[in-house]
Structures are given as C-alpha cells and as structure tokens.
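K.L.:
The following file, upload.cif, comprises mmCIF, C-alpha atoms:
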data_my_file
#
loop_
_atom_site.label_atom_id
_atom_site.label_comp_id
_atom_site.auth_asym_id
_atom_site.auth_seq_id
_atom_site.Cartn_x
_atom_site.Cartn_y
_atom_site.Cartn_z
CA MET A 213 51.99 36.40 -31.58
CA PRO A 214 48.89 38.49 -32.30
CA LEU A 215 47.55 40.50 -29.39
CA PRO A 216 43.94 41.31 -30.33
CA PHE A 217 43.38 43.52 -27.29
CA LEU A 218 45.93 46.03 -28.61
CA THR A 219 43.91 46.99 -31.66
CA ALA A 220 40.50 48.46 -32.04
CA ASP A 221 38.08 46.58 -34.24
CA ARG A 222 37.30 49.68 -36.23
CA THR A 223 39.57 52.07 -38.04
CA PHE A 224 38.49 55.68 -37.83
CA ASP A 225 39.99 56.89 -41.07
CA ASP A 226 36.75 56.61 -43.04
CA VAL A 227 34.06 57.47 -40.51
CA ALA A 228 31.92 59.46 -42.92
CA GLY A 229 30.39 56.53 -44.78
CA ASP A 230 30.56 53.80 -42.16
CA ALA A 231 27.68 52.65 -40.03
CA ALA A 232 27.95 53.48 -36.35
CA LEU A 233 28.24 49.81 -35.38
CA PRO A 234 29.97 48.12 -38.35
CA PHE A 235 30.42 44.72 -36.68
CA GLU A 236 28.97 41.42 -37.78
CA ASN A 237 29.33 39.69 -34.41
CA ARG A 238 28.07 42.14 -31.84
CA ASP A 239 28.08 39.52 -29.07
CA HIS A 240 31.89 39.61 -29.03
CA TRP A 241 33.43 41.91 -26.39
CA ARG A 242 35.53 44.65 -28.01
CA ARG A 243 37.23 47.86 -26.97
CA PRO A 244 36.09 50.64 -29.36
CA TYR A 245 39.42 52.48 -29.14
CA ARG A 246 43.13 51.77 -29.17
CA PRO A 247 45.18 51.86 -25.98
CA GLY A 248 47.09 55.11 -25.64
CA PRO A 249 50.83 55.61 -25.91
CA TRP A 250 51.23 56.10 -22.15
CA ARG A 251 49.68 52.72 -21.43
CA VAL A 252 51.55 50.93 -24.21
CA GLY A 253 54.86 52.59 -23.28
CA THR A 254 54.51 51.64 -19.62
CA ALA A 255 53.69 48.05 -20.57
CA ALA A 256 56.69 47.95 -22.91
CA LEU A 257 58.96 49.15 -20.10
CA LEU A 258 57.54 46.48 -17.80
CA LEU A 259 58.17 43.81 -20.42
CA LEU A 260 61.72 45.10 -20.84
CA LEU A 261 62.20 44.84 -17.08
CA ALA A 262 60.80 41.31 -17.18
CA SER A 263 63.34 40.32 -19.83
CA PHE A 264 66.19 41.52 -17.59
CA VAL A 265 64.75 39.62 -14.63
CA LEU A 266 64.46 36.47 -16.77
CA PHE A 267 68.07 36.91 -17.88
CA ALA A 268 69.04 37.23 -14.21
CA ALA A 269 67.12 34.02 -13.50
CA VAL A 270 69.15 32.20 -16.15
CA VAL A 271 72.42 33.54 -14.72
CA ILE A 272 71.38 32.52 -11.22
CA ALA A 273 70.37 29.06 -12.45
CA PHE A 274 73.83 28.58 -14.01
CA ALA A 275 75.34 29.57 -10.67
CA ASP A 276 73.59 26.50 -9.13
CA SER A 277 71.04 28.41 -7.09
CA LEU A 278 67.76 26.98 -8.34
CA ALA A 279 65.71 28.53 -5.54
CA GLY A 280 66.93 32.03 -6.46
CA ALA A 281 66.32 31.33 -10.16
CA ALA A 282 62.77 30.19 -9.39
CA ILE A 283 62.12 33.37 -7.39
CA CYS A 284 63.43 35.53 -10.26
CA ALA A 285 61.38 33.59 -12.82
CA GLY A 286 58.25 33.98 -10.67
CA LEU A 287 58.90 37.72 -10.35
CA ALA A 288 59.33 37.99 -14.12
CA ALA A 289 56.06 36.10 -14.68
CA LEU A 290 54.30 38.49 -12.28
CA VAL A 291 55.67 41.52 -14.17
CA ILE A 292 54.61 40.02 -17.53
CA VAL A 293 51.08 39.31 -16.28
CA SER A 294 50.89 42.86 -14.89
CA ALA A 295 51.96 44.35 -18.22
CA LEU A 296 49.39 42.32 -20.14
CA ARG A 297 46.65 43.21 -17.66
CA MET A 298 47.58 46.87 -18.00
CA LEU A 299 47.12 46.60 -21.77
CA ARG A 300 43.72 44.98 -21.28
CA MET A 301 42.40 47.74 -19.01
CA GLY A 302 39.66 49.98 -20.39
CA ILE A 303 36.03 49.98 -21.47
CA TRP A 304 34.73 47.04 -23.52
CA VAL A 305 31.30 46.83 -25.17
CA SER A 306 29.12 44.15 -26.70
CA ALA A 307 25.44 43.52 -27.27
CA HIS A 308 25.29 42.13 -23.72
CA GLY A 309 26.46 45.28 -21.96
CA LEU A 310 29.38 47.42 -20.95
CA ARG A 311 32.49 46.06 -19.20
CA LYS A 312 34.94 48.18 -17.23
CA VAL A 313 38.26 46.37 -16.88
CA ARG A 314 40.53 47.67 -14.14
CA PHE A 315 43.89 46.35 -13.00
CA LEU A 316 42.54 44.04 -10.28
CA ARG A 317 38.81 44.03 -10.96
CA THR A 318 36.35 43.77 -13.82
CA GLN A 319 32.79 45.10 -13.65
CA THR A 320 30.15 44.16 -16.21
CA LEU A 321 26.84 46.00 -16.49
CA PRO A 322 24.03 44.83 -18.78
CA TRP A 323 22.55 47.58 -20.94
CA GLY A 324 19.28 47.31 -19.01
CA ARG A 325 20.93 48.64 -15.84
CA ILE A 326 22.31 51.71 -17.64
CA SER A 327 20.18 54.84 -17.78
CA ALA A 328 22.50 57.03 -19.86
CA VAL A 329 26.05 57.40 -21.15
CA ARG A 330 27.12 60.98 -21.77
CA THR A 331 30.12 63.27 -21.98
CA ALA A 332 30.54 65.93 -19.28
CA GLN A 333 33.01 68.70 -18.41
CA GLN A 334 34.30 68.12 -14.89
CA PRO A 335 37.47 67.86 -12.81
CA VAL A 336 39.27 64.62 -13.72
CA ARG A 337 42.40 62.90 -12.50
CA TRP A 338 45.54 63.37 -14.54
CA LEU A 339 46.90 59.89 -15.46
CA GLY A 340 45.01 58.45 -12.50
CA LEU A 341 47.07 60.43 -9.99
CA PRO A 342 45.47 62.43 -7.15
CA ARG A 343 46.04 65.70 -9.03
CA THR A 344 42.86 66.86 -10.76
CA VAL A 345 42.52 69.10 -13.78
CA GLN A 346 39.51 70.34 -15.75
CA GLY A 347 38.71 67.96 -18.56
CA GLN A 348 36.11 65.85 -20.32
CA ALA A 349 34.74 62.62 -18.93
CA LEU A 350 32.47 59.92 -20.25
CA VAL A 351 29.98 59.28 -17.46
CA LEU A 352 27.64 56.34 -17.04
CA VAL A 353 24.38 56.84 -15.15
CA ARG A 354 22.97 53.67 -13.59
CA ARG A 355 19.26 52.99 -13.10
CA ASP A 356 19.53 50.71 -10.09
CA GLN A 357 21.32 53.00 -7.59
CA GLN A 358 20.58 56.15 -5.63
CA ALA A 359 21.21 59.50 -7.32
CA ALA A 360 24.49 60.13 -5.44
CA GLU A 361 25.94 56.74 -6.43
CA ALA A 362 24.38 56.45 -9.87
CA ARG A 363 27.13 58.31 -11.77
CA GLN A 364 30.19 56.26 -12.65
CA LEU A 365 33.24 57.60 -14.48
CA LEU A 366 34.17 55.51 -17.53
CA LEU A 367 36.79 57.45 -19.49
CA THR A 368 38.55 60.79 -19.23
CA ASP A 369 40.55 62.76 -21.74
CA ARG A 370 43.44 62.84 -19.20
CA ASN A 371 43.88 59.10 -18.59
CA ALA A 372 46.63 56.89 -19.98
CA ASP A 373 44.66 56.16 -23.16
CA PHE A 374 43.72 59.70 -24.17
CA LEU A 375 46.24 62.15 -22.74
CA ALA A 376 46.99 64.64 -25.57
CA ARG A 377 44.66 62.66 -27.89
CA HIS A 378 41.42 64.68 -27.76
CA GLU A 379 40.11 63.47 -31.11
CA ALA A 380 40.61 59.85 -30.05
CA PHE A 381 38.69 60.53 -26.83
CA ASN A 382 35.82 62.11 -28.78
CA ARG A 383 35.66 59.13 -31.16
CA ALA A 384 35.75 56.61 -28.30
CA ALA A 385 33.10 58.50 -26.32
CA ASP A 386 30.87 58.79 -29.40
CA SER A 387 31.29 55.10 -30.16
CA ILE A 388 30.40 54.01 -26.62
CA GLU A 389 27.40 56.37 -26.63
CA VAL A 390 26.22 54.82 -29.91
CA TRP A 391 26.52 51.32 -28.42
CA ALA A 392 24.50 52.50 -25.41
CA ASP A 393 21.82 54.11 -27.58
CA GLU A 394 21.59 50.99 -29.74
CA TYR A 395 21.26 48.42 -26.95
CA ARG A 396 19.94 50.29 -23.91
CA PRO A 397 16.25 49.47 -23.49
CA ALA A 398 13.81 52.34 -23.19
CA THR A 399 11.92 50.64 -20.35
CA GLU A 400 12.97 50.66 -16.73
CA TYR A 401 15.26 47.85 -15.56
CA SER A 402 13.69 45.19 -13.37
CA PRO A 403 16.18 43.05 -11.38
CA THR A 404 13.69 40.17 -11.15
CA ALA A 405 13.38 39.82 -14.93
#
Since I need it in another form, could you write the structure as structure tokens?
P.N.:
Amino acid sequence: MPLPFLTADRTFDDVAGDAALPFENRDHWRRPYRPGPWRVGTAALLLLLASFVLFAAVVIAFADSLAGAAICAGLAALVIVSALRMLRMGIWVSAHGLRKVRFLRTQTLPWGRISAVRTAQQPVRWLGLPRTVQGQALVLVRRDQQAAEARQLLLTDRNADFLARHEAFNRAADSIEVWADEYRPATEYSPTA
C-alpha cells in the first residue's frame, strides 16, 4: 500500500539545475521534506505494538471472550491511527498557504496572512521535550497578530524530523522560504477581502 505522506515530492540529489518549485500541480498540499528517522522509527514501533495487540485480540476471541477481543481490537485501531497521524505531522505547503499539522490539531494559514518565513538561531526544544538547546528554527511571522504573538515556530533542527540531519533541515527551510516568497503577496492582508 503506497503511503504518499512518507515521501517528499522532490528529490534533493540534483538541486543545482532544478527550479525552486518544480511541481506541475501547486494546488496540491505537499510536505517539502521527508519525515525523519526518529518519527518513522517511533511509528514503526507503534505499529509493531499494534500487531501484538491484534494478535492478542485474536487469541482472546478464540477463548470466547468477544467483549475483550473487541476492546483489544479497538485499542489496536487507536494505536494504528496514532502512528499514521504521527507520520503525517509536519509542515505542508501549497499555492493556497501553509499548513501546520500537529498530533491533535491542524492549522492552515493563507499566504496573505504571513508576513515572513525565516531561519533564526534560538533556544529550541530537543525532540519536543521541555529541555531546550541552542539550535536553528524556521519561524513564521504573521501579519494579523500583535508583535508578541506574531512569531510562530514551524520547524527546528532538533525535532523528530531533523535531529542530526542539518542538511535536511537547511533544504526544508529553504524550500518553505521559497514557497513563501513565491506566493506571499507584497500587499498587506485584509481580513475582509
């Protein structure tokens, strides 16, 4: 079964001669980078756990306890959905805007509400844990909020996609910045328009 959200739409082996946005259908939402090994490994472990829980559901069903088998099957389905959602997490771009997919929530911003997308050196969380380390972050600056709330963290070089993959972070940040430069209007955003 193909899982299109696991692959990036662009290979970065031949970046010298390619256009910055080499896509025919720019209205399609795409993640401009591949999920990192930490994210994929965690999802694989969750799927392995789900297979054991499903096997336990079959054993319980053969023991004539259908209620217990249904509970185990429901738990396995929850673990599978969690693993797939974890693989889908990240930043997605299209001609319509930028989409930040989190585990429980998805936020979509049209390009008109974005003032800038830039890379900055700042303290970032290590693998999303409370511990912070100095690193690089891709920061989005919104036009429609106050200065204190306008900055929003998109990616860091210490998250599950880019830990120990600095070149991949630089390529992803550059790609998202190119999408922003291409589609972000130069005029100020008007919410009534």
K.L.:
Excluding A:Ala282 and residues on its chain fewer than 2 positions from it, collect all residues at most 10 Å away from it, counting only C-alpha atoms, and give them as a VMD selection string.
P.N.:
chain A and resid 266 269 to 270 272 to 273 277 to 280 284 to 288
K.L.:
Pull C-alpha atoms from the residues just selected and write them as a PDB file, in the frame of the given file.
P.N.:
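Once written, selection-v9.pdb looks like this:
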ATOM      1  CA  LEU A 266      64.460  36.470 -16.770  1.00  0.00           C
ATOM      2  CA  ALA A 269      67.120  34.020 -13.500  1.00  0.00           C
ATOM      3  CA  VAL A 270      69.150  32.200 -16.150  1.00  0.00           C
ATOM      4  CA  ILE A 272      71.380  32.520 -11.220  1.00  0.00           C
ATOM      5  CA  ALA A 273      70.370  29.060 -12.450  1.00  0.00           C
ATOM      6  CA  SER A 277      71.040  28.410  -7.090  1.00  0.00           C
ATOM      7  CA  LEU A 278      67.760  26.980  -8.340  1.00  0.00           C
ATOM      8  CA  ALA A 279      65.710  28.530  -5.540  1.00  0.00           C
ATOM      9  CA  GLY A 280      66.930  32.030  -6.460  1.00  0.00           C
ATOM     10  CA  CYS A 284      63.430  35.530 -10.260  1.00  0.00           C
ATOM     11  CA  ALA A 285      61.380  33.590 -12.820  1.00  0.00           C
ATOM     12  CA  GLY A 286      58.250  33.980 -10.670  1.00  0.00           C
ATOM     13  CA  LEU A 287      58.900  37.720 -10.350  1.00  0.00           C
ATOM     14  CA  ALA A 288      59.330  37.990 -14.120  1.00  0.00           C
TER      15      ALA A 288
END
K.L.:
Could you work out how far atom CA of A:Gly253 lies from atom CA of A:Val265, giving the answer in Å with one decimal?
P.N.:
18.5 Å
K.L.:
Kindly indicate which residue among A:Asp356, A:Asp386, A:Glu379, A:Asp369 lies nearest to A:Leu321, using only C-alpha atoms for the distances.
P.N.:
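Of A:Asp356, A:Asp386, A:Glu379, A:Asp369, the one nearest A:Leu321 is A:Asp356, counting only C-alpha atoms.
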K.L.:
Any chance you could resolve the PyMOL selection byres ((chain A and resi 353) around 12) against this file and give the residues as JSON, numbers by chain?
P.N.:
{"A": [321, 323, 324, 325, 326, 327, 328, 329, 330, 331, 332, 350, 351, 352, 354, 355, 356, 357, 358, 359, 360, 361, 362, 363, 364, 365, 366, 389, 392, 396]}
K.L.:
Could you check which of A:Phe374, A:Phe274, A:Phe264, A:Trp391 is closest to A:Pro244, using all atoms listed in the file?
P.N.:
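Residue with the minimum atom-to-atom distance to A:Pro244: A:Trp391.
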K.L.:
Record the distance separating atom CA of A:Leu259 and atom CA of A:Ile303, expressed in Å with one decimal.
P.N.:
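One can read the atom CA of A:Leu259 to atom CA of A:Ile303 distance as 23.0 Å.
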K.L.:
Grab all the atoms of stretch 279-287 of chain A that the file lists, wrap them in a box along x, y and z, add 6 Å per side, and give me centre plus edge lengths in Å (one decimal) as JSON.
P.N.:
{"center_x": 62.6, "center_y": 33.1, "center_z": -9.2, "size_x": 20.7, "size_y": 21.2, "size_z": 19.3}
K.L.:
How many Å lie between atom CA of A:Arg246 and atom CA of A:Ala376, rounded to one decimal?
P.N.:
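Computing it gives 13.9 Å between the two atoms.
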K.L.:
Which residue gives the smallest distance to A:Val291 among A:Ala262, A:Leu316, A:Leu339, A:Ala380, with only C-alpha atoms counted?
P.N.:
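Looking at the shortest contact to A:Val291, the residue is A:Ala262.
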K.L.:
Could you tell me, as a PyMOL selection string, which residues have any atom at most 12 Å from (44.3, 59.8, -25.1), counting all atoms listed in the file?
P.N.:
chain A and resi 245-252+302+338-339+347-349+367-385
K.L.:
Restricting the output to C-alpha atoms, write the selected residues as a PDB file, in the coordinates of the input.
P.N.:
ATOM      1  CA  TYR A 245      39.420  52.480 -29.140  1.00  0.00           C
ATOM      2  CA  ARG A 246      43.130  51.770 -29.170  1.00  0.00           C
ATOM      3  CA  PRO A 247      45.180  51.860 -25.980  1.00  0.00           C
ATOM      4  CA  GLY A 248      47.090  55.110 -25.640  1.00  0.00           C
ATOM      5  CA  PRO A 249      50.830  55.610 -25.910  1.00  0.00           C
ATOM      6  CA  TRP A 250      51.230  56.100 -22.150  1.00  0.00           C
ATOM      7  CA  ARG A 251      49.680  52.720 -21.430  1.00  0.00           C
ATOM      8  CA  VAL A 252      51.550  50.930 -24.210  1.00  0.00           C
ATOM      9  CA  GLY A 302      39.660  49.980 -20.390  1.00  0.00           C
ATOM     10  CA  TRP A 338      45.540  63.370 -14.540  1.00  0.00           C
ATOM     11  CA  LEU A 339      46.900  59.890 -15.460  1.00  0.00           C
ATOM     12  CA  GLY A 347      38.710  67.960 -18.560  1.00  0.00           C
ATOM     13  CA  GLN A 348      36.110  65.850 -20.320  1.00  0.00           C
ATOM     14  CA  ALA A 349      34.740  62.620 -18.930  1.00  0.00           C
ATOM     15  CA  LEU A 367      36.790  57.450 -19.490  1.00  0.00           C
ATOM     16  CA  THR A 368      38.550  60.790 -19.230  1.00  0.00           C
ATOM     17  CA  ASP A 369      40.550  62.760 -21.740  1.00  0.00           C
ATOM     18  CA  ARG A 370      43.440  62.840 -19.200  1.00  0.00           C
ATOM     19  CA  ASN A 371      43.880  59.100 -18.590  1.00  0.00           C
ATOM     20  CA  ALA A 372      46.630  56.890 -19.980  1.00  0.00           C
ATOM     21  CA  ASP A 373      44.660  56.160 -23.160  1.00  0.00           C
ATOM     22  CA  PHE A 374      43.720  59.700 -24.170  1.00  0.00           C
ATOM     23  CA  LEU A 375      46.240  62.150 -22.740  1.00  0.00           C
ATOM     24  CA  ALA A 376      46.990  64.640 -25.570  1.00  0.00           C
ATOM     25  CA  ARG A 377      44.660  62.660 -27.890  1.00  0.00           C
ATOM     26  CA  HIS A 378      41.420  64.680 -27.760  1.00  0.00           C
ATOM     27  CA  GLU A 379      40.110  63.470 -31.110  1.00  0.00           C
ATOM     28  CA  ALA A 380      40.610  59.850 -30.050  1.00  0.00           C
ATOM     29  CA  PHE A 381      38.690  60.530 -26.830  1.00  0.00           C
ATOM     30  CA  ASN A 382      35.820  62.110 -28.780  1.00  0.00           C
ATOM     31  CA  ARG A 383      35.660  59.130 -31.160  1.00  0.00           C
ATOM     32  CA  ALA A 384      35.750  56.610 -28.300  1.00  0.00           C
ATOM     33  CA  ALA A 385      33.100  58.500 -26.320  1.00  0.00           C
TER      34      ALA A 385
END
K.L.:
So which residues touch A:Trp241 within 7 Å, counting all atoms listed in the file, skipping near sequence neighbours fewer than 4 positions away, as a VMD selection string?
P.N.:
chain A and resid 304 to 306
K.L.:
Atoms to include: C-alpha atoms. Write the selected residues as a compact mmCIF listing (two decimals), in the frame of the given file.
P.N.:
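To be explicit, this is the file written out as selection_13.txt:
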# COMPACT_ATOMS: atom_id res chain seq x y z
CA TRP A 304 34.73 47.04 -23.52
CA VAL A 305 31.30 46.83 -25.17
CA SER A 306 29.12 44.15 -26.70
K.L.:
With all atoms listed in the file as the atoms that count, which of A:Leu310, A:Leu341, A:Ala275, A:Val390 lies nearest to A:Arg242?
P.N.:
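Between A:Leu310, A:Leu341, A:Ala275, A:Val390, the residue approaching A:Arg242 most closely is A:Leu310.
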K.L.:
Spell out the residues picked by the PyMOL selection byres ((chain A and resi 298) around 9) here, as a list of chain:residue names.
P.N.:
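Output of the PyMOL selection byres ((chain A and resi 298) around 9): A:Arg251, A:Val252, A:Thr254, A:Ala255, A:Val293, A:Ser294, A:Ala295, A:Leu296, A:Arg297, A:Leu299, A:Arg300, A:Met301, A:Gly302, A:Arg314, A:Phe315.
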K.L.:
Could the residues in this selection be written to a file with C-alpha atoms, as a PDB file, keeping the file's coordinate frame?
P.N.:
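Below is the file result-v6.pdb, written as the result:
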ATOM      1  CA  ARG A 251      49.680  52.720 -21.430  1.00  0.00           C
ATOM      2  CA  VAL A 252      51.550  50.930 -24.210  1.00  0.00           C
ATOM      3  CA  THR A 254      54.510  51.640 -19.620  1.00  0.00           C
ATOM      4  CA  ALA A 255      53.690  48.050 -20.570  1.00  0.00           C
ATOM      5  CA  VAL A 293      51.080  39.310 -16.280  1.00  0.00           C
ATOM      6  CA  SER A 294      50.890  42.860 -14.890  1.00  0.00           C
ATOM      7  CA  ALA A 295      51.960  44.350 -18.220  1.00  0.00           C
ATOM      8  CA  LEU A 296      49.390  42.320 -20.140  1.00  0.00           C
ATOM      9  CA  ARG A 297      46.650  43.210 -17.660  1.00  0.00           C
ATOM     10  CA  LEU A 299      47.120  46.600 -21.770  1.00  0.00           C
ATOM     11  CA  ARG A 300      43.720  44.980 -21.280  1.00  0.00           C
ATOM     12  CA  MET A 301      42.400  47.740 -19.010  1.00  0.00           C
ATOM     13  CA  GLY A 302      39.660  49.980 -20.390  1.00  0.00           C
ATOM     14  CA  ARG A 314      40.530  47.670 -14.140  1.00  0.00           C
ATOM     15  CA  PHE A 315      43.890  46.350 -13.000  1.00  0.00           C
TER      16      PHE A 315
END
K.L.:
My list of candidates is A:Ile283, A:Val345, A:Ala307, A:Lys312. Which is closest to A:Asp239 when distances are computed with all atoms listed in the file?
P.N.:
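Closest residue, counting all atoms listed in the file: A:Ala307.
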